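Source file: structure29.cif (mmCIF, C-alpha atoms)
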```cif
data_final
#
loop_
_atom_site.group_PDB
_atom_site.id
_atom_site.type_symbol
_atom_site.label_atom_id
_atom_site.label_comp_id
_atom_site.auth_asym_id
_atom_site.auth_seq_id
_atom_site.Cartn_x
_atom_site.Cartn_y
_atom_site.Cartn_z
ATOM 1 C CA MET A 1 67.386 5.190 51.482
ATOM 2 C CA THR A 2 64.220 3.670 50.050
ATOM 3 C CA GLY A 3 63.281 0.210 48.884
ATOM 4 C CA GLN A 4 63.688 -1.488 52.240
ATOM 5 C CA VAL A 5 60.099 -1.536 53.463
ATOM 6 C CA CYS A 6 58.287 -4.868 52.930
ATOM 7 C CA PHE A 7 54.608 -5.633 53.390
ATOM 8 C CA LYS A 8 55.258 -8.140 56.185
ATOM 9 C CA ASP A 9 57.329 -5.586 58.175
ATOM 10 C CA VAL A 10 54.509 -3.034 58.349
ATOM 11 C CA ASN A 11 51.703 -3.316 60.913
ATOM 12 C CA VAL A 12 48.473 -1.452 61.525
ATOM 13 C CA GLY A 13 49.200 1.315 64.031
ATOM 14 C CA ASP A 14 52.845 1.750 62.960
ATOM 15 C CA GLU A 15 53.924 5.357 62.588
ATOM 16 C CA ILE A 16 55.715 6.498 59.468
ATOM 17 C CA PRO A 17 59.008 8.358 60.043
ATOM 18 C CA ARG A 18 58.140 11.945 60.935
ATOM 19 C CA LEU A 19 59.419 14.808 58.806
ATOM 20 C CA VAL A 20 60.162 18.199 60.372
ATOM 21 C CA LYS A 21 60.606 20.912 57.740
ATOM 22 C CA GLU A 22 62.630 24.109 57.919
ATOM 23 C CA PRO A 23 60.414 27.168 58.604
ATOM 24 C CA VAL A 24 58.427 28.241 55.533
ATOM 25 C CA THR A 25 59.901 31.449 54.099
ATOM 26 C CA GLU A 26 58.535 34.181 51.833
ATOM 27 C CA VAL A 27 61.285 33.406 49.331
ATOM 28 C CA GLN A 28 60.150 29.777 49.303
ATOM 29 C CA LEU A 29 56.633 30.933 48.368
ATOM 30 C CA VAL A 30 58.051 32.994 45.495
ATOM 31 C CA LYS A 31 60.059 29.962 44.332
ATOM 32 C CA TYR A 32 57.030 27.682 44.597
ATOM 33 C CA ALA A 33 54.875 30.197 42.688
ATOM 34 C CA GLY A 34 57.365 30.108 39.815
ATOM 35 C CA ALA A 35 57.900 26.363 39.952
ATOM 36 C CA SER A 36 54.210 25.423 40.112
ATOM 37 C CA GLY A 37 52.838 28.271 38.004
ATOM 38 C CA ASP A 38 50.439 29.340 40.770
ATOM 39 C CA PHE A 39 50.770 33.123 40.655
ATOM 40 C CA ASN A 40 47.748 33.875 42.832
ATOM 41 C CA PRO A 41 49.129 37.035 44.535
ATOM 42 C CA LEU A 42 47.691 35.858 47.875
ATOM 43 C CA HIS A 43 50.895 33.788 48.130
ATOM 44 C CA THR A 44 53.449 36.428 47.143
ATOM 45 C CA VAL A 45 52.093 39.941 47.781
ATOM 46 C CA ASP A 46 51.598 40.908 51.437
ATOM 47 C CA ALA A 47 48.997 43.585 50.609
ATOM 48 C CA VAL A 48 46.802 40.972 48.908
ATOM 49 C CA GLY A 49 47.126 38.634 51.890
ATOM 50 C CA LYS A 50 45.982 41.505 54.146
ATOM 51 C CA LEU A 51 43.089 42.299 51.815
ATOM 52 C CA ALA A 52 42.008 38.669 52.158
ATOM 53 C CA GLY A 53 41.986 39.013 55.955
ATOM 54 C CA PHE A 54 45.373 37.467 56.855
ATOM 55 C CA ASP A 55 48.459 39.142 58.343
ATOM 56 C CA GLY A 56 50.164 38.896 54.970
ATOM 57 C CA VAL A 57 50.949 36.198 52.443
ATOM 58 C CA ILE A 58 49.891 32.597 53.052
ATOM 59 C CA ALA A 59 51.523 29.464 51.645
ATOM 60 C CA HIS A 60 50.170 27.516 48.677
ATOM 61 C CA GLY A 61 48.250 24.514 50.015
ATOM 62 C CA MET A 62 50.002 22.439 47.367
ATOM 63 C CA LEU A 63 53.405 23.355 48.828
ATOM 64 C CA VAL A 64 52.357 21.806 52.133
ATOM 65 C CA MET A 65 50.999 18.783 50.232
ATOM 66 C CA GLY A 66 54.488 18.610 48.698
ATOM 67 C CA PHE A 67 55.884 18.278 52.248
ATOM 68 C CA VAL A 68 53.444 15.418 52.882
ATOM 69 C CA ALA A 69 54.584 13.694 49.679
ATOM 70 C CA GLN A 70 58.218 14.261 50.707
ATOM 71 C CA ALA A 71 57.643 12.458 54.012
ATOM 72 C CA LEU A 72 56.022 9.469 52.280
ATOM 73 C CA THR A 73 58.592 9.087 49.516
ATOM 74 C CA ALA A 74 61.482 9.408 51.964
ATOM 75 C CA TRP A 75 60.022 6.254 53.520
ATOM 76 C CA LEU A 76 58.695 4.367 50.453
ATOM 77 C CA PRO A 77 59.956 4.226 46.871
ATOM 78 C CA ASN A 78 57.761 6.463 44.701
ATOM 79 C CA ARG A 79 56.517 3.531 42.625
ATOM 80 C CA CYS A 80 54.878 2.023 45.747
ATOM 81 C CA LEU A 81 52.662 5.068 46.265
ATOM 82 C CA LYS A 82 49.255 4.552 44.626
ATOM 83 C CA LYS A 83 47.058 7.257 46.173
ATOM 84 C CA LEU A 84 47.569 10.473 48.089
ATOM 85 C CA LYS A 85 44.792 12.695 49.351
ATOM 86 C CA ALA A 86 44.923 16.000 51.205
ATOM 87 C CA ARG A 87 42.168 18.082 52.793
ATOM 88 C CA PHE A 88 43.353 21.627 53.466
ATOM 89 C CA THR A 89 42.145 22.549 56.952
ATOM 90 C CA ALA A 90 44.116 25.693 57.865
ATOM 91 C CA VAL A 91 46.445 28.195 56.218
ATOM 92 C CA THR A 92 50.243 28.153 56.589
ATOM 93 C CA ARG A 93 52.182 31.383 57.045
ATOM 94 C CA PRO A 94 55.859 32.267 56.645
ATOM 95 C CA GLY A 95 57.717 31.197 59.793
ATOM 96 C CA ASP A 96 55.534 28.137 60.357
ATOM 97 C CA ILE A 97 57.452 24.937 61.046
ATOM 98 C CA ILE A 98 55.562 22.043 59.486
ATOM 99 C CA THR A 99 55.823 18.523 60.861
ATOM 100 C CA VAL A 100 54.387 15.618 58.867
ATOM 101 C CA THR A 101 53.219 12.547 60.779
ATOM 102 C CA GLY A 102 51.233 9.510 59.778
ATOM 103 C CA ARG A 103 50.330 5.965 60.649
ATOM 104 C CA ILE A 104 49.168 2.768 59.027
ATOM 105 C CA THR A 105 45.439 2.164 59.407
ATOM 106 C CA ALA A 106 44.803 -0.919 57.235
ATOM 107 C CA LYS A 107 46.516 -3.793 55.408
ATOM 108 C CA ARG A 108 45.084 -5.851 52.548
ATOM 109 C CA PRO A 109 47.309 -8.945 52.147
ATOM 110 C CA GLU A 110 45.752 -10.112 48.854
ATOM 111 C CA GLU A 111 47.218 -7.026 47.107
ATOM 112 C CA ASN A 112 50.124 -6.226 49.505
ATOM 113 C CA LEU A 113 48.322 -2.918 49.957
ATOM 114 C CA ILE A 114 48.636 -0.646 52.972
ATOM 115 C CA ALA A 115 46.505 2.399 53.766
ATOM 116 C CA GLY A 116 47.319 5.162 56.192
ATOM 117 C CA GLU A 117 46.395 8.567 57.501
ATOM 118 C CA ILE A 118 48.808 11.449 57.283
ATOM 119 C CA GLN A 119 48.795 15.010 58.528
ATOM 120 C CA ALA A 120 50.803 18.210 58.439
ATOM 121 C CA ALA A 121 50.735 20.475 61.487
ATOM 122 C CA ASP A 122 52.645 23.565 62.610
ATOM 123 C CA GLN A 123 54.686 24.306 65.759
ATOM 124 C CA ARG A 124 51.472 25.118 67.672
ATOM 125 C CA GLY A 125 49.843 21.855 66.625
ATOM 126 C CA GLU A 126 47.438 23.518 64.214
ATOM 127 C CA VAL A 127 46.605 20.952 61.531
ATOM 128 C CA LYS A 128 47.068 22.275 57.988
ATOM 129 C CA ILE A 129 46.408 19.064 56.081
ATOM 130 C CA LYS A 130 44.500 15.954 57.009
ATOM 131 C CA GLY A 131 45.024 13.281 54.457
ATOM 132 C CA GLY A 132 45.403 9.683 53.531
ATOM 133 C CA PHE A 133 47.485 7.436 51.304
ATOM 134 C CA GLU A 134 47.590 3.961 49.823
ATOM 135 C CA ALA A 135 50.689 2.056 48.798
ATOM 136 C CA VAL A 136 51.543 -1.381 47.447
ATOM 137 C CA LEU A 137 54.664 -2.843 49.048
ATOM 138 C CA PRO A 138 56.966 -5.657 47.940
ATOM 139 C CA GLY A 139 56.015 -8.992 49.477
ATOM 140 C CA ARG A 140 59.510 -9.981 50.528
ATOM 141 C CA ARG A 141 63.032 -8.754 50.098
ATOM 142 C CA MET B 1 19.158 25.579 38.731
ATOM 143 C CA ASP B 2 22.729 26.749 39.094
ATOM 144 C CA ASP B 3 24.270 27.315 35.634
ATOM 145 C CA LEU B 4 27.407 25.484 36.638
ATOM 146 C CA LYS B 5 25.383 22.513 37.918
ATOM 147 C CA LYS B 6 23.958 22.127 34.396
ATOM 148 C CA ARG B 7 27.523 21.667 33.130
ATOM 149 C CA GLU B 8 28.246 18.765 35.497
ATOM 150 C CA GLY B 9 30.014 15.963 33.643
ATOM 151 C CA GLU B 10 31.273 18.326 30.919
ATOM 152 C CA GLU B 11 34.667 17.580 29.370
ATOM 153 C CA LEU B 12 36.825 20.699 29.564
ATOM 154 C CA PRO B 13 39.506 21.635 27.001
ATOM 155 C CA ALA B 14 42.500 19.275 27.108
ATOM 156 C CA TYR B 15 45.997 20.710 27.518
ATOM 157 C CA SER B 16 49.495 19.368 27.259
ATOM 158 C CA PHE B 17 52.857 19.975 28.855
ATOM 159 C CA VAL B 18 56.356 18.743 28.039
ATOM 160 C CA VAL B 19 58.111 17.732 31.263
ATOM 161 C CA GLU B 20 61.560 19.287 31.503
ATOM 162 C CA ARG B 21 64.362 18.029 33.718
ATOM 163 C CA GLY B 22 64.975 21.582 34.942
ATOM 164 C CA LYS B 23 61.303 22.053 35.861
ATOM 165 C CA ILE B 24 61.420 18.954 38.075
ATOM 166 C CA ARG B 25 64.594 20.283 39.760
ATOM 167 C CA GLU B 26 63.061 23.737 40.257
ATOM 168 C CA PHE B 27 59.919 22.179 41.728
ATOM 169 C CA VAL B 28 61.656 19.939 44.284
ATOM 170 C CA GLN B 29 64.032 22.759 45.235
ATOM 171 C CA ALA B 30 61.035 24.993 45.999
ATOM 172 C CA VAL B 31 59.480 22.254 48.146
ATOM 173 C CA GLY B 32 62.869 21.593 49.768
ATOM 174 C CA ASP B 33 62.771 17.860 49.013
ATOM 175 C CA PRO B 34 66.368 16.537 48.856
ATOM 176 C CA ASN B 35 65.435 13.078 47.448
ATOM 177 C CA PRO B 36 68.039 12.369 44.713
ATOM 178 C CA VAL B 37 65.528 10.327 42.678
ATOM 179 C CA TYR B 38 64.284 13.649 41.220
ATOM 180 C CA VAL B 39 67.651 15.061 40.169
ATOM 181 C CA ASP B 40 70.293 12.317 39.962
ATOM 182 C CA LYS B 41 69.843 10.064 36.921
ATOM 183 C CA GLU B 42 72.326 7.441 38.147
ATOM 184 C CA TYR B 43 70.687 7.211 41.556
ATOM 185 C CA ALA B 44 67.281 6.894 39.851
ATOM 186 C CA ALA B 45 68.682 4.102 37.635
ATOM 187 C CA ARG B 46 69.886 2.214 40.731
ATOM 188 C CA GLU B 47 66.349 2.529 42.114
ATOM 189 C CA GLY B 48 65.066 0.916 38.916
ATOM 190 C CA TYR B 49 63.798 3.973 37.015
ATOM 191 C CA ALA B 50 64.585 4.827 33.375
ATOM 192 C CA ASP B 51 65.535 8.402 34.351
ATOM 193 C CA VAL B 52 64.822 10.864 37.168
ATOM 194 C CA ILE B 53 61.084 11.014 37.904
ATOM 195 C CA ALA B 54 58.544 13.721 38.653
ATOM 196 C CA PRO B 55 57.471 14.019 42.331
ATOM 197 C CA PRO B 56 53.955 13.055 43.523
ATOM 198 C CA THR B 57 52.482 16.572 43.441
ATOM 199 C CA PHE B 58 53.986 17.537 40.055
ATOM 200 C CA GLY B 59 50.523 17.351 38.455
ATOM 201 C CA ILE B 60 49.866 20.905 39.697
ATOM 202 C CA CYS B 61 52.751 22.111 37.560
ATOM 203 C CA ILE B 62 51.275 20.411 34.461
ATOM 204 C CA ASP B 63 47.904 22.056 35.215
ATOM 205 C CA LEU B 64 49.103 25.580 35.836
ATOM 206 C CA TRP B 65 51.847 25.771 33.199
ATOM 207 C CA GLY B 66 50.011 23.665 30.604
ATOM 208 C CA GLY B 67 46.393 24.608 31.247
ATOM 209 C CA ALA B 68 44.345 27.442 32.644
ATOM 210 C CA ASP B 69 45.898 29.491 35.454
ATOM 211 C CA PHE B 70 43.943 30.362 38.595
ATOM 212 C CA VAL B 71 42.395 33.537 37.194
ATOM 213 C CA ARG B 72 41.316 31.882 33.905
ATOM 214 C CA LEU B 73 39.900 28.921 35.816
ATOM 215 C CA CYS B 74 37.759 31.295 37.888
ATOM 216 C CA GLU B 75 36.562 33.034 34.702
ATOM 217 C CA MET B 76 35.735 29.685 33.084
ATOM 218 C CA PHE B 77 33.409 28.772 35.951
ATOM 219 C CA GLY B 78 32.174 32.257 36.836
ATOM 220 C CA LEU B 79 33.828 32.192 40.272
ATOM 221 C CA ASN B 80 34.924 35.167 42.352
ATOM 222 C CA PRO B 81 38.685 34.583 42.876
ATOM 223 C CA PHE B 82 38.565 36.269 46.300
ATOM 224 C CA LYS B 83 35.927 33.798 47.504
ATOM 225 C CA VAL B 84 37.608 30.631 46.304
ATOM 226 C CA LEU B 85 39.565 28.098 48.367
ATOM 227 C CA HIS B 86 41.379 24.936 47.392
ATOM 228 C CA GLY B 87 39.541 22.456 49.617
ATOM 229 C CA GLU B 88 41.013 19.071 48.732
ATOM 230 C CA GLN B 89 43.457 17.484 46.327
ATOM 231 C CA GLU B 90 43.751 13.802 45.534
ATOM 232 C CA TYR B 91 46.109 11.881 43.256
ATOM 233 C CA GLU B 92 46.062 8.327 41.941
ATOM 234 C CA TYR B 93 49.323 7.063 40.459
ATOM 235 C CA TYR B 94 49.426 4.698 37.468
ATOM 236 C CA GLY B 95 52.925 5.176 36.060
ATOM 237 C CA GLU B 96 56.051 7.291 36.239
ATOM 238 C CA ILE B 97 56.403 10.708 34.612
ATOM 239 C CA TYR B 98 59.883 11.275 33.135
ATOM 240 C CA PRO B 99 61.723 14.277 31.645
ATOM 241 C CA GLY B 100 60.857 14.591 27.953
ATOM 242 C CA ASP B 101 57.393 13.107 28.396
ATOM 243 C CA GLU B 102 54.624 15.032 26.708
ATOM 244 C CA ILE B 103 51.697 14.782 29.079
ATOM 245 C CA THR B 104 48.156 15.411 27.871
ATOM 246 C CA ALA B 105 45.663 16.291 30.604
ATOM 247 C CA ARG B 106 41.945 15.715 30.089
ATOM 248 C CA PRO B 107 39.910 17.574 32.736
ATOM 249 C CA ARG B 108 36.240 17.044 33.459
ATOM 250 C CA LEU B 109 33.811 19.016 35.613
ATOM 251 C CA ALA B 110 32.987 15.956 37.707
ATOM 252 C CA ARG B 111 30.671 17.361 40.362
ATOM 253 C CA VAL B 112 28.999 20.586 41.451
ATOM 254 C CA LEU B 113 27.370 20.695 44.877
ATOM 255 C CA SER B 114 25.672 23.698 46.474
ATOM 256 C CA LYS B 115 24.929 24.023 50.166
ATOM 257 C CA GLU B 116 23.185 26.747 52.099
ATOM 258 C CA GLY B 117 24.422 27.561 55.590
ATOM 259 C CA LYS B 118 23.725 30.216 58.229
ATOM 260 C CA SER B 119 26.528 32.464 57.010
ATOM 261 C CA GLY B 120 25.601 32.109 53.316
ATOM 262 C CA GLY B 121 26.008 29.452 50.706
ATOM 263 C CA ILE B 122 28.971 27.480 49.506
ATOM 264 C CA ARG B 123 29.513 25.728 46.221
ATOM 265 C CA MET B 124 31.842 22.744 45.901
ATOM 266 C CA ILE B 125 33.280 21.994 42.489
ATOM 267 C CA THR B 126 35.235 18.816 41.758
ATOM 268 C CA LEU B 127 37.540 18.766 38.744
ATOM 269 C CA GLU B 128 38.745 15.320 37.737
ATOM 270 C CA THR B 129 41.741 15.260 35.422
ATOM 271 C CA THR B 130 43.321 12.229 33.758
ATOM 272 C CA TYR B 131 46.881 12.486 32.456
ATOM 273 C CA PHE B 132 48.304 10.454 29.565
ATOM 274 C CA ASN B 133 51.871 10.306 28.244
ATOM 275 C CA GLN B 134 52.908 10.444 24.569
ATOM 276 C CA ARG B 135 52.325 6.687 24.247
ATOM 277 C CA GLY B 136 48.728 7.114 25.430
ATOM 278 C CA GLU B 137 49.453 5.434 28.780
ATOM 279 C CA LYS B 138 47.436 6.756 31.711
ATOM 280 C CA VAL B 139 49.984 7.896 34.292
ATOM 281 C CA LEU B 140 48.009 9.998 36.763
ATOM 282 C CA LEU B 141 44.532 10.967 37.896
ATOM 283 C CA ALA B 142 43.785 14.060 39.975
ATOM 284 C CA ARG B 143 40.683 15.236 41.810
ATOM 285 C CA CYS B 144 40.647 18.852 42.875
ATOM 286 C CA LEU B 145 37.907 20.211 45.119
ATOM 287 C CA ILE B 146 37.364 23.950 44.837
ATOM 288 C CA VAL B 147 35.174 25.636 47.462
ATOM 289 C CA GLU B 148 33.473 28.928 46.724
ATOM 290 C CA ARG B 149 31.858 30.941 49.512
ATOM 291 C CA ARG B 150 28.932 32.914 48.143
#
```
In structure tokens, how does this file's structure come out?
Amino acid sequence: MTGQVCFKDVNVGDEIPRLVKEPVTEVQLVKYAGASGDFNPLHTVDAVGKLAGFDGVIAHGMLVMGFVAQALTAWLPNRCLKKLKARFTAVTRPGDIITVTGRITAKRPEENLIAGEIQAADQRGEVKIKGGFEAVLPGRR
Amino acid sequence: MDDLKKREGEELPAYSFVVERGKIREFVQAVGDPNPVYVDKEYAAREGYADVIAPPTFGICIDLWGGADFVRLCEMFGLNPFKVLHGEQEYEYYGEIYPGDEITARPRLARVLSKEGKSGGIRMITLETTYFNQRGEKVLLARCLIVERR
């Protein structure tokens, strides 16, 4: 699955394989709260989400960053990934279908390093995360 | 001057967390990431790892289970939890995190910036945390930007 991408095979402008997630569910938010330890009730209790001015609960930003990481490490072995950055630009609600897309923006041959931009957006195109990554790839197979 | 601004650069209390195999599984199941490198030891070995590994955003789990939770963090900095947003998160990777590793996290209040806008002020707080394993090897660095509307 991974381990096949070499520095010479990747070019500036290339898109990384897109990841389309299953719709976010309320149960998933409960599971992520327990897994991550983030028990901010904004993510699990509808009444708190409403108090904060939303229709109900909203997803943990870090869950959506987890989707971004999933997309990258489905494409590259984890050890290649050197940096990952996410700016949270909009909230995600249960029912949202997140698609992760990205592309290569720079290559530094002296270190076999690639840099790229990556984003997560919902079914309406609303961008939830704008981010970037850096990775060091094997020189040749 | 802002009281928090005066604390810029301050080292915050360190915390530690023992990484459990089951915690990694629970975490990737919640995310819905089917990559076997997190749960299948033999697959991970074929990929060249000593064991299954922790996923790229696992640092959050170390922070919230090992360190201060959201409410305590707000208390520590005098923030109103209802006015706080997680603005940005950044990770730098230096080594793998494996089950059984005891990770020590050393957080620092790296930067405090205040801005005044038309609809009131905001304060931007950057926490920078460095993570070491039980052999003292740096495995991870995280920068977390917290935004408080005032």
Residues of chain A within 8 Å of chain B: nearest atom pair and distance (Å, one decimal) for each, counting all atoms listed in the file, sorted by chain and number, as a Markdown table?
```
| residue | atom | partner | partner_atom | distance |
| --- | --- | --- | --- | --- |
| A:Gly3 | CA | B:Glu47 | CA | 7.8 |
| A:Gln28 | CA | B:Ala30 | CA | 5.9 |
| A:Leu29 | CA | B:Ala30 | CA | 7.8 |
| A:Lys31 | CA | B:Ala30 | CA | 5.3 |
| A:Tyr32 | CA | B:Ala30 | CA | 5.0 |
| A:Ala35 | CA | B:Phe27 | CA | 5.0 |
| A:Ser36 | CA | B:Cys61 | CA | 4.4 |
| A:Gly37 | CA | B:Leu64 | CA | 5.1 |
| A:Asp38 | CA | B:Leu64 | CA | 6.3 |
| A:Phe39 | CA | B:Phe70 | CA | 7.6 |
| A:Asn40 | CA | B:Phe70 | CA | 6.7 |
| A:Ala52 | CA | B:Phe82 | CA | 7.2 |
| A:Gly61 | CA | B:His86 | CA | 7.4 |
| A:Met62 | CA | B:Thr57 | CA | 7.5 |
| A:Leu63 | CA | B:Val31 | CA | 6.2 |
| A:Met65 | CA | B:Thr57 | CA | 7.3 |
| A:Gly66 | CA | B:Thr57 | CA | 6.0 |
| A:Phe67 | CA | B:Val31 | CA | 6.8 |
| A:Ala69 | CA | B:Pro56 | CA | 6.2 |
| A:Gln70 | CA | B:Asp33 | CA | 6.0 |
| A:Ala74 | CA | B:Asn35 | CA | 7.0 |
| A:Asn78 | CA | B:Pro56 | CA | 7.7 |
| A:Arg79 | CA | B:Glu96 | CA | 7.4 |
| A:Leu81 | CA | B:Tyr93 | CA | 7.0 |
| A:Lys82 | CA | B:Tyr93 | CA | 4.9 |
| A:Lys83 | CA | B:Glu92 | CA | 4.5 |
| A:Leu84 | CA | B:Tyr91 | CA | 5.2 |
| A:Lys85 | CA | B:Glu90 | CA | 4.1 |
| A:Ala86 | CA | B:Gln89 | CA | 5.3 |
| A:Arg87 | CA | B:Glu88 | CA | 4.3 |
| A:Phe88 | CA | B:Gly87 | CA | 5.5 |
| A:Thr89 | CA | B:Gly87 | CA | 7.8 |
```
Task: Pairwise distance for CA of Arg106 in chain B and CA of Val139 in chain B, rounded to one decimal in Å - done: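 Separation of CA of Arg106 in chain B and CA of Val139 in chain B: 12.0 Å.
Restricting the calculation to all atoms listed in the file, the smallest distance between Leu79 in chain B and any of B:Val19, B:Arg123, B:Glu8, B:Gln134 is found for B:Arg123.
If you measure from each of B:Lys5, B:Lys138, B:Lys41, B:Arg149 to Lys118 in chain B using only C-alpha atoms, the closest one turns out to be B:Arg149.
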Open item on the list: If I take CA of Gly56 in chain A and CA of Ile129 in chain A, how far is one from the other in Å, to one decimal?
Closed with: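 Rounded to one decimal, the two atoms are 20.2 Å apart.
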Task: Residues within 10 Å of (47.0, 2.4, 51.4), counting all atoms listed in the file, listed as a list in words - done: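 Residues satisfying the cut-off, written out: Cys80, Leu81, Lys82, Lys83, Leu84, Ile104, Thr105, Ala106, Lys107, Arg108, Asn112, Leu113, Ile114, Ala115, Gly116, Glu117, Gly132, Phe133, Glu134, Ala135, Val136 and Leu137 of chain A.
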Since we have the selection now, will you write its residues out, keeping C-alpha atoms, as a PDB file, in the frame of the given file?
```pdb
ATOM      1  CA  CYS A  80      54.878   2.023  45.747  1.00  0.00           C
ATOM      2  CA  LEU A  81      52.662   5.068  46.265  1.00  0.00           C
ATOM      3  CA  LYS A  82      49.255   4.552  44.626  1.00  0.00           C
ATOM      4  CA  LYS A  83      47.058   7.257  46.173  1.00  0.00           C
ATOM      5  CA  LEU A  84      47.569  10.473  48.089  1.00  0.00           C
ATOM      6  CA  ILE A 104      49.168   2.768  59.027  1.00  0.00           C
ATOM      7  CA  THR A 105      45.439   2.164  59.407  1.00  0.00           C
ATOM      8  CA  ALA A 106      44.803  -0.919  57.235  1.00  0.00           C
ATOM      9  CA  LYS A 107      46.516  -3.793  55.408  1.00  0.00           C
ATOM     10  CA  ARG A 108      45.084  -5.851  52.548  1.00  0.00           C
ATOM     11  CA  ASN A 112      50.124  -6.226  49.505  1.00  0.00           C
ATOM     12  CA  LEU A 113      48.322  -2.918  49.957  1.00  0.00           C
ATOM     13  CA  ILE A 114      48.636  -0.646  52.972  1.00  0.00           C
ATOM     14  CA  ALA A 115      46.505   2.399  53.766  1.00  0.00           C
ATOM     15  CA  GLY A 116      47.319   5.162  56.192  1.00  0.00           C
ATOM     16  CA  GLU A 117      46.395   8.567  57.501  1.00  0.00           C
ATOM     17  CA  GLY A 132      45.403   9.683  53.531  1.00  0.00           C
ATOM     18  CA  PHE A 133      47.485   7.436  51.304  1.00  0.00           C
ATOM     19  CA  GLU A 134      47.590   3.961  49.823  1.00  0.00           C
ATOM     20  CA  ALA A 135      50.689   2.056  48.798  1.00  0.00           C
ATOM     21  CA  VAL A 136      51.543  -1.381  47.447  1.00  0.00           C
ATOM     22  CA  LEU A 137      54.664  -2.843  49.048  1.00  0.00           C
TER      23      LEU A 137
END
```
Task: Expansion of the PyMOL selection byres ((chain A and resi 75) around 8) into residues, as a VMD selection string - done: chain A and resid 1 to 2 5 16 to 17 71 to 74 76 to 77
Produce the centre coordinates and the three edge lengths, each in Å to one decimal, of the box along x, y and z that contains all listed atoms of range 72-86 of chain B with 3 Å added on each side, as AutoDock Vina command-line options.
```
--center_x 36.8 --center_y 30.6 --center_z 40.7 --size_x 15.2 --size_y 17.3 --size_z 21.3
```
- [ ] Could you tell me how far CA of Thr104 in chain B lies from CA of Thr130 in chain B, in Å and to one decimal?
- [x]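 Straight-line distance from CA of Thr104 in chain B to CA of Thr130 in chain B works out to 8.3 Å.
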Open item on the list: Evaluated on this file, the PyMOL selection byres ((chain B and resi 113) around 10) picks out some residues - which ones are they, written as a count of residues only?
Closed with: 14
Open item on the list: Would you pick out the contacts of Gly136 in chain B at 10 Å or less, using all atoms listed in the file, so that residues sharing its chain but fewer than 3 positions from it are not included, and give the list as a count of residues only?
Closed with: 7
TODO: Rank A:Gly53, A:Ile98, A:Gly34, A:Phe7 by their smallest atom-to-atom distance to Val20 in chain A, using all atoms listed in the file, and report the top residue only.
DONE: A:Ile98
